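Next comes coords-v3.txt, a file with compact mmCIF, C-alpha atoms and all ligand atoms.
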# COMPACT_ATOMS: atom_id res chain seq x y z
CA MET A 1 -3.57 2.70 14.43
CA LYS A 2 -3.79 3.28 10.66
CA ILE A 3 -2.89 6.67 9.23
CA TYR A 4 -4.05 7.81 5.80
CA ILE A 5 -1.39 9.54 3.68
CA ASN A 6 -2.16 10.42 0.06
CA GLY A 7 -4.53 7.57 -0.61
CA LYS A 8 -2.80 4.79 1.36
CA PHE A 9 -3.02 3.52 4.92
CA TYR A 10 0.13 3.10 6.99
CA ASP A 11 0.81 1.76 10.47
CA LYS A 12 1.62 4.51 12.94
CA ASN A 13 5.37 3.75 12.88
CA ASP A 14 5.50 3.75 9.07
CA ALA A 15 3.40 6.90 8.58
CA LYS A 16 6.09 9.34 7.51
CA ILE A 17 6.48 12.31 5.23
CA SER A 18 9.59 13.97 3.83
CA VAL A 19 11.82 16.29 5.90
CA PHE A 20 11.56 18.60 2.85
CA ASP A 21 7.80 18.90 3.27
CA HIS A 22 6.97 22.58 3.64
CA GLY A 23 4.46 21.76 6.36
CA LEU A 24 7.45 20.80 8.51
CA LEU A 25 9.92 23.40 7.20
CA TYR A 26 7.60 26.41 7.30
CA GLY A 27 4.29 25.40 8.85
CA ASP A 28 2.96 25.84 5.31
CA GLY A 29 -0.32 23.98 5.35
CA VAL A 30 -3.75 23.80 6.94
CA PHE A 31 -5.54 21.49 9.36
CA GLU A 32 -8.83 20.59 11.01
CA GLY A 33 -9.65 18.80 14.24
CA ILE A 34 -12.92 16.84 14.10
CA ARG A 35 -14.68 14.50 16.51
CA SER A 36 -16.91 11.51 16.05
CA TYR A 37 -19.37 10.34 18.67
CA ASN A 38 -20.70 6.80 18.66
CA GLY A 39 -20.18 6.37 14.91
CA LEU A 40 -21.39 9.86 13.90
CA VAL A 41 -18.90 12.45 12.66
CA PHE A 42 -19.98 15.74 14.20
CA LYS A 43 -20.33 18.70 11.79
CA LEU A 44 -18.12 17.01 9.18
CA LYS A 45 -19.37 19.22 6.34
CA GLU A 46 -18.58 22.38 8.34
CA HIS A 47 -15.05 21.16 9.10
CA ILE A 48 -14.39 20.14 5.49
CA ASP A 49 -15.73 23.50 4.25
CA ARG A 50 -13.49 25.39 6.69
CA LEU A 51 -10.44 23.34 5.62
CA TYR A 52 -11.04 24.29 1.98
CA GLU A 53 -11.54 27.94 2.98
CA SER A 54 -8.22 27.94 4.87
CA ALA A 55 -6.55 26.34 1.81
CA GLN A 56 -8.18 28.82 -0.59
CA SER A 57 -6.90 31.71 1.50
CA ILE A 58 -3.27 30.50 1.41
CA MET A 59 -3.54 29.41 -2.27
CA LEU A 60 -3.02 25.74 -1.48
CA LYS A 61 -4.76 23.39 -3.88
CA ILE A 62 -6.10 20.34 -2.05
CA PRO A 63 -5.73 17.50 -4.57
CA LEU A 64 -9.00 15.84 -3.53
CA SER A 65 -12.51 17.13 -3.98
CA LYS A 66 -14.54 17.80 -0.83
CA SER A 67 -16.52 14.60 -1.33
CA GLU A 68 -13.33 12.55 -1.89
CA LEU A 69 -11.81 13.95 1.30
CA THR A 70 -15.05 13.26 3.19
CA LYS A 71 -14.94 9.64 1.96
CA ALA A 72 -11.24 9.33 2.91
CA THR A 73 -12.01 10.61 6.42
CA ILE A 74 -14.79 8.08 6.87
CA ALA A 75 -12.61 5.30 5.42
CA THR A 76 -9.90 6.14 7.99
CA LEU A 77 -12.41 5.94 10.84
CA LYS A 78 -13.64 2.57 9.58
CA GLU A 79 -10.07 1.31 9.12
CA ASN A 80 -9.42 2.11 12.79
CA SER A 81 -12.76 0.72 14.01
CA LEU A 82 -13.17 3.75 16.26
CA LEU A 83 -16.67 4.87 17.16
CA ASP A 84 -15.55 7.76 19.37
CA ALA A 85 -12.58 9.42 17.78
CA TYR A 86 -10.67 12.61 17.29
CA ILE A 87 -9.72 13.09 13.64
CA ARG A 88 -6.92 15.36 12.52
CA LEU A 89 -6.91 16.36 8.84
CA VAL A 90 -3.60 17.87 7.79
CA VAL A 91 -2.84 19.20 4.32
CA THR A 92 0.70 20.45 3.73
CA ARG A 93 2.12 22.32 0.73
CA GLY A 94 4.09 19.11 0.03
CA GLU A 95 7.77 18.54 -0.72
CA GLY A 96 9.90 21.48 -1.83
CA ASP A 97 13.47 22.66 -1.35
CA LEU A 98 15.06 24.64 1.48
CA GLY A 99 13.71 27.94 0.19
CA LEU A 100 10.25 29.02 1.22
CA ASP A 101 9.06 29.66 -2.36
CA PRO A 102 5.93 27.49 -2.69
CA ARG A 103 6.44 27.31 -6.48
CA LYS A 104 9.31 24.93 -5.74
CA CYS A 105 6.87 22.50 -4.16
CA THR A 106 6.53 20.35 -7.25
CA ASP A 107 5.01 17.46 -5.37
CA LYS A 108 1.32 17.72 -4.72
CA ALA A 109 0.08 18.58 -1.26
CA ALA A 110 0.41 15.84 1.34
CA ILE A 111 -2.87 14.82 2.93
CA ILE A 112 -2.69 13.12 6.27
CA ILE A 113 -5.60 11.82 8.30
CA ILE A 114 -5.01 10.61 11.82
CA SER A 115 -7.75 9.28 13.99
CA ASP A 116 -7.12 8.77 17.66
CA LYS A 117 -8.37 9.93 21.06
CA ILE A 118 -7.87 13.36 22.59
CA ALA A 119 -8.32 14.82 26.07
CA LEU A 120 -7.37 18.48 26.03
CA TYR A 121 -7.90 19.13 29.75
CA PRO A 122 -7.99 16.80 32.75
CA LYS A 123 -11.49 15.38 33.35
CA GLU A 124 -11.90 16.95 36.80
CA TYR A 125 -11.93 20.48 35.29
CA TYR A 126 -15.25 19.71 33.56
CA LYS A 127 -16.72 19.49 37.08
CA ALA A 128 -14.59 22.06 38.92
CA GLY A 129 -13.97 24.60 36.14
CA LEU A 130 -10.66 25.74 34.67
CA LYS A 131 -8.41 28.45 36.10
CA ILE A 132 -7.17 30.59 33.24
CA ILE A 133 -5.14 33.78 32.83
CA THR A 134 -4.76 36.54 30.30
CA VAL A 135 -1.32 36.33 28.68
CA PRO A 136 0.91 39.00 27.09
CA THR A 137 1.05 37.40 23.62
CA ILE A 138 -1.85 38.77 21.61
CA ARG A 139 -3.72 36.85 18.92
CA ASN A 140 -2.43 37.23 15.37
CA LEU A 141 -3.64 40.34 13.59
CA PRO A 142 -6.15 39.54 10.84
CA GLU A 143 -4.05 41.74 8.55
CA ALA A 144 -1.02 39.50 9.23
CA LEU A 145 -2.06 35.84 9.53
CA ASN A 146 -5.83 35.82 9.80
CA PRO A 147 -7.01 33.64 12.73
CA GLN A 148 -9.76 32.28 10.43
CA ILE A 149 -7.03 30.31 8.66
CA LYS A 150 -6.36 27.12 10.57
CA SER A 151 -2.78 26.97 9.37
CA LEU A 152 -0.05 24.61 10.54
CA ASN A 153 1.68 27.64 12.01
CA TYR A 154 0.25 27.74 15.52
CA LEU A 155 3.25 29.35 17.18
CA ASN A 156 1.19 32.40 18.17
CA ASN A 157 -1.09 30.18 20.25
CA ILE A 158 1.71 27.93 21.47
CA LEU A 159 3.51 30.98 22.92
CA ALA A 160 0.32 31.92 24.77
CA LYS A 161 0.00 28.34 26.03
CA ILE A 162 3.59 28.44 27.33
CA GLU A 163 2.86 31.70 29.16
CA ALA A 164 -0.23 30.14 30.76
CA ASN A 165 1.67 26.98 31.68
CA ASN A 166 4.47 29.07 33.23
CA ALA A 167 1.85 30.67 35.46
CA GLY A 168 0.51 27.24 36.49
CA CYS A 169 -2.59 27.41 34.24
CA ASP A 170 -3.82 25.08 31.53
CA GLU A 171 -5.33 27.75 29.30
CA ALA A 172 -4.80 31.37 28.31
CA ILE A 173 -7.04 34.22 27.28
CA MET A 174 -5.51 35.93 24.26
CA LEU A 175 -6.46 39.55 23.59
CA ASP A 176 -6.69 41.19 20.17
CA SER A 177 -4.54 44.16 19.13
CA LEU A 178 -7.04 46.59 20.72
CA GLY A 179 -6.95 44.80 24.06
CA TYR A 180 -10.35 43.11 23.77
CA VAL A 181 -10.76 39.43 24.58
CA ALA A 182 -10.23 37.38 21.40
CA GLU A 183 -10.19 33.70 22.32
CA CYS A 184 -8.10 31.03 24.02
CA THR A 185 -5.26 29.03 22.47
CA GLY A 186 -7.50 26.31 21.02
CA ASP A 187 -10.96 27.36 22.17
CA ASN A 188 -13.48 30.16 21.84
CA ILE A 189 -14.70 31.98 24.94
CA PHE A 190 -18.21 32.81 26.15
CA ILE A 191 -19.53 34.71 29.14
CA VAL A 192 -23.03 34.78 30.65
CA LYS A 193 -24.46 37.87 32.35
CA ASP A 194 -28.12 38.12 33.41
CA ARG A 195 -29.19 35.34 30.99
CA HIS A 196 -27.42 37.07 28.10
CA LEU A 197 -24.71 35.11 26.34
CA TYR A 198 -21.74 37.00 24.87
CA THR A 199 -18.90 35.84 22.65
CA PRO A 200 -16.41 37.97 20.67
CA PRO A 201 -17.21 38.54 16.98
CA GLN A 202 -15.03 36.77 14.44
CA CYS A 203 -13.70 39.94 12.79
CA MET A 204 -10.74 40.75 15.08
CA GLY A 205 -8.70 37.87 16.37
CA THR A 206 -11.26 35.15 16.84
CA LEU A 207 -11.66 31.91 14.91
CA ARG A 208 -15.24 31.18 13.95
CA GLY A 209 -15.27 27.92 15.84
CA ILE A 210 -17.69 25.18 14.88
CA THR A 211 -18.42 24.39 18.53
CA ARG A 212 -18.96 28.14 19.05
CA ASP A 213 -21.50 28.12 16.20
CA THR A 214 -23.19 25.07 17.72
CA VAL A 215 -23.57 26.90 21.06
CA LEU A 216 -24.99 29.92 19.22
CA GLU A 217 -27.55 27.56 17.61
CA ILE A 218 -28.47 25.87 20.89
CA ALA A 219 -28.63 28.99 23.11
CA PRO A 220 -31.94 30.43 21.82
CA LYS A 221 -33.57 27.05 22.62
CA LEU A 222 -32.64 27.75 26.26
CA ARG A 223 -34.23 31.18 25.87
CA LEU A 224 -30.89 32.94 26.14
CA ASP A 225 -30.22 36.21 24.34
CA VAL A 226 -27.12 35.80 22.24
CA HIS A 227 -24.65 38.57 21.39
CA GLU A 228 -21.57 38.41 19.20
CA HIS A 229 -19.99 41.43 20.78
CA VAL A 230 -16.59 42.74 21.86
CA ILE A 231 -15.76 41.72 25.42
CA THR A 232 -13.34 43.40 27.83
CA ARG A 233 -11.45 41.63 30.59
CA HIS A 234 -13.59 43.56 33.10
CA GLU A 235 -16.74 42.02 31.61
CA VAL A 236 -15.22 38.57 31.98
CA TYR A 237 -14.32 39.27 35.64
CA ILE A 238 -17.87 40.36 36.52
CA SER A 239 -19.65 37.71 34.47
CA ASP A 240 -22.01 35.21 36.11
CA GLU A 241 -20.52 32.33 34.14
CA CYS A 242 -17.70 31.75 31.71
CA PHE A 243 -16.91 28.75 29.52
CA LEU A 244 -14.74 27.73 26.58
CA THR A 245 -15.72 25.82 23.46
CA GLY A 246 -13.74 23.78 20.95
CA THR A 247 -13.82 20.46 19.14
CA ALA A 248 -11.17 19.00 21.39
CA ALA A 249 -12.39 20.68 24.62
CA GLU A 250 -16.13 20.51 23.81
CA ILE A 251 -17.68 22.86 26.44
CA ILE A 252 -15.58 23.43 29.55
CA PRO A 253 -16.54 25.72 32.47
CA VAL A 254 -14.14 28.39 33.73
CA ALA A 255 -13.96 28.95 37.50
CA MET A 256 -11.28 31.63 37.77
CA VAL A 257 -9.82 34.27 35.45
CA ASP A 258 -6.68 36.23 36.42
CA GLY A 259 -7.27 35.36 40.09
CA ARG A 260 -10.93 36.53 40.04
CA VAL A 261 -13.51 33.90 40.98
CA ILE A 262 -16.20 33.77 38.29
CA GLY A 263 -19.77 33.69 39.61
CA SER A 264 -20.10 31.08 42.34
CA GLY A 265 -16.69 29.60 41.47
CA LYS A 266 -18.44 26.46 40.23
CA PRO A 267 -19.81 25.61 36.76
CA GLY A 268 -22.92 27.76 36.31
CA LYS A 269 -26.44 26.50 35.59
CA ILE A 270 -26.49 27.85 32.04
CA THR A 271 -23.09 26.37 31.27
CA LEU A 272 -24.28 22.99 32.56
CA SER A 273 -27.49 23.21 30.47
CA LEU A 274 -25.48 24.08 27.36
CA MET A 275 -23.12 21.16 28.05
CA LYS A 276 -26.14 18.84 28.27
CA LYS A 277 -27.71 20.19 25.05
CA PHE A 278 -24.37 19.98 23.28
CA LYS A 279 -24.01 16.33 24.27
CA GLU A 280 -27.51 15.67 22.89
CA ALA A 281 -26.55 17.40 19.61
CA THR A 282 -23.50 15.15 19.20
CA LYS A 283 -25.81 12.13 19.45
CA LYS A 284 -27.92 13.17 16.48
CA ASP A 285 -26.18 15.77 14.27
CA GLY A 286 -23.55 13.80 12.44
CA ILE A 287 -22.58 11.82 9.37
CA LYS A 288 -22.90 8.09 10.03
CA TYR A 289 -20.13 5.62 9.17
N1 LIG B 301 -9.89 28.91 18.52
C1 LIG B 301 -8.75 28.38 18.08
C2 LIG B 301 -7.54 29.22 17.98
C3 LIG B 301 -8.71 27.03 17.70
O1 LIG B 301 -7.56 26.49 17.25
C4 LIG B 301 -11.04 26.84 18.30
C5 LIG B 301 -11.03 28.19 18.62
C6 LIG B 301 -12.33 26.09 18.41
O2 LIG B 301 -12.83 25.81 17.12
P1 LIG B 301 -13.75 24.55 16.83
O3 LIG B 301 -14.12 24.69 15.39
O4 LIG B 301 -12.92 23.32 17.10
O5 LIG B 301 -14.90 24.63 17.73
C7 LIG B 301 -9.87 26.24 17.82
C8 LIG B 301 -9.85 24.80 17.46
C9 LIG B 301 -5.54 21.44 20.23
C10 LIG B 301 -6.55 21.69 19.19
O6 LIG B 301 -4.85 20.41 20.12
C11 LIG B 301 -7.15 22.90 19.00
C12 LIG B 301 -8.09 23.08 18.00
C13 LIG B 301 -8.43 22.07 17.22
C14 LIG B 301 -7.83 20.86 17.43
C15 LIG B 301 -6.89 20.65 18.42
O7 LIG B 301 -5.37 22.26 21.13
N2 LIG B 301 -8.58 24.29 17.82

Give the structure from the file, written as structure tokens.
Ligand code: PXG
Amino acid sequence: MKIYINGKFYDKNDAKISVFDHGLLYGDGVFEGIRSYNGLVFKLKEHIDRLYESAQSIMLKIPLSKSELTKATIATLKENSLLDAYIRLVVTRGEGDLGLDPRKCTDKAAIIIISDKIALYPKEYYKAGLKIITVPTIRNLPEALNPQIKSLNYLNNILAKIEANNAGCDEAIMLDSLGYVAECTGDNIFIVKDRHLYTPPQCMGTLRGITRDTVLEIAPKLRLDVHEHVITRHEVYISDECFLTGTAAEIIPVAMVDGRVIGSGKPGKITLSLMKKFKEATKKDGIKY
């Protein structure tokens, strides 16, 4: 595997950055997770745009233009001869000293591109549905570290993941500070009730996921009414169907939430139709390499 770091390719074992990099010392940096399907990078522009928005928000200057970074991403995919890949773009604040002052980071930001495979959840859950629970750790407040920033500091979500894992689950529902459903640790959440599709709005503690946006684009084609609306746990429990969306997870059905069986306890018809339409979208909506 070849990893891109600041303009050069390195073998996996030689791909290293400094222990003084503020991405490591403080989680000071931003990232994106992107997928390619059969030689097409899905929603690459949207991912690159979101990376630059995250960087803008934390005042991190990415030393490449958007088109240069797009070219570097494609070059990394070609270098690895991968047609179906998971691509991680990581931009750190770069090397500094042991203080957190970013002005001491004299070196320019480190850009790392890794392309590999990813399987977030075991395959069988795509057929059987996931069992998830609501965890005590709430999603970051937008006034603190806004969930729209895909920063290298994912401890908030990692804590939620640990709580889910401790309860024997692979995924967690995180609530916002008002107690409404925000999202999961690396996925957005949707419910279906009477052919209406609901997902939490992005304003509280919910990342505006690119897979989420894709589902919102596809849903009207299935004649579903779409609502970006606050959701309570009760509404999840009484929903007909529930599923999660994310670049790594794609669309995954949920069978049980906090011990309540959702709908029939099997992936619902609408979830399955959306999964099919999503798969079709990945075959045509992408940048070729
Ligand atoms: N919410 C959060 C908190 C995320 O981190 C999503 C929703 C889905 O967004 P997209 O744009 O991917 O549809 C994410 C994305 C991982 C992993 O290893 C998670 C993400 C990305 C890459 C890897 O769990 N999160």

7 Å shell around ligand LIG 301 (chain B) using all atoms listed in the file, listed as a PDB file with C-alpha atoms, keeping the file's coordinate frame:
ATOM      1  CA  GLU A  32      -8.830  20.590  11.010  1.00  0.00           C
ATOM      2  CA  GLY A  33      -9.650  18.800  14.240  1.00  0.00           C
ATOM      3  CA  LEU A 120      -7.370  18.480  26.030  1.00  0.00           C
ATOM      4  CA  PRO A 147      -7.010  33.640  12.730  1.00  0.00           C
ATOM      5  CA  LYS A 150      -6.360  27.120  10.570  1.00  0.00           C
ATOM      6  CA  ASN A 157      -1.090  30.180  20.250  1.00  0.00           C
ATOM      7  CA  GLU A 183     -10.190  33.700  22.320  1.00  0.00           C
ATOM      8  CA  CYS A 184      -8.100  31.030  24.020  1.00  0.00           C
ATOM      9  CA  THR A 185      -5.260  29.030  22.470  1.00  0.00           C
ATOM     10  CA  GLY A 186      -7.500  26.310  21.020  1.00  0.00           C
ATOM     11  CA  ASP A 187     -10.960  27.360  22.170  1.00  0.00           C
ATOM     12  CA  ASN A 188     -13.480  30.160  21.840  1.00  0.00           C
ATOM     13  CA  THR A 206     -11.260  35.150  16.840  1.00  0.00           C
ATOM     14  CA  LEU A 207     -11.660  31.910  14.910  1.00  0.00           C
ATOM     15  CA  ARG A 208     -15.240  31.180  13.950  1.00  0.00           C
ATOM     16  CA  GLY A 209     -15.270  27.920  15.840  1.00  0.00           C
ATOM     17  CA  ILE A 210     -17.690  25.180  14.880  1.00  0.00           C
ATOM     18  CA  THR A 211     -18.420  24.390  18.530  1.00  0.00           C
ATOM     19  CA  ARG A 212     -18.960  28.140  19.050  1.00  0.00           C
ATOM     20  CA  THR A 245     -15.720  25.820  23.460  1.00  0.00           C
ATOM     21  CA  GLY A 246     -13.740  23.780  20.950  1.00  0.00           C
ATOM     22  CA  THR A 247     -13.820  20.460  19.140  1.00  0.00           C
ATOM     23  CA  ALA A 248     -11.170  19.000  21.390  1.00  0.00           C
TER      24      ALA A 248
END

For Glu143 in chain A, please output as a PyMOL selection string all residues within 12 Å (counting only C-alpha atoms; exclusion window: fewer than 2 positions along the same chain).
chain A and resi 139-141+145-149+176-177+203-205

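CA of Lys283 in chain A to CA of Asp84 in chain A spans 11.2 Å [interatomic distance, one decimal].
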
Which polymer residues, whether protein, DNA or RNA, lie within 12 Å of the coordinate (-22.6, 35.5, 31.0) when you count only C-alpha atoms? List them as an NGL selection string, using the chain letters and numbers from the file.
:A and (189-199 or 219 or 224-227 or 231 or 235-244 or 253-254 or 262-263 or 267-271)

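Of note, CA of Val230 in chain A and CA of Pro136 in chain A are spaced 18.6 Å apart.
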
Closest to Ile111 in chain A among A:Phe31, A:Tyr26, A:Phe42, A:Phe278, using only C-alpha atoms?
A:Phe31

Box in all listed atoms of range 262-272 of chain A, axis-aligned, with 6 Å more on each side; write out centre and edge lengths in Å to one decimal as JSON.
{"center_x": -21.3, "center_y": 28.4, "center_z": 36.8, "size_x": 22.3, "size_y": 22.8, "size_z": 23.1}

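Comparing the minimum interatomic distances between Ala167 in chain A and each of A:Glu250, A:Asp49, A:Asp258, A:Asp11, counting all atoms listed in the file, we find that A:Asp258 sits nearest.
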
Find the residues near range 65-71 of chain A: any atom within 10 Å, counting all atoms listed in the file, skip ones fewer than 4 places away on the same chain, and give them as a ChimeraX atom specification.
/A:7,44-45,47-49,51-52,61,75-77,89,111,113,287,289

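The shortest atom-to-atom distance to Gly259 in chain A, with only C-alpha atoms taken into account, belongs to A:Lys131 out of A:Leu274, A:Arg50, A:Lys123, A:Lys131.
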
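Minimum atom-to-atom distances from A:Arg260, A:Lys16, A:Lys276, A:Lys221 to Arg233 in chain A were compared using all atoms listed in the file, and the lowest value belongs to A:Arg260.
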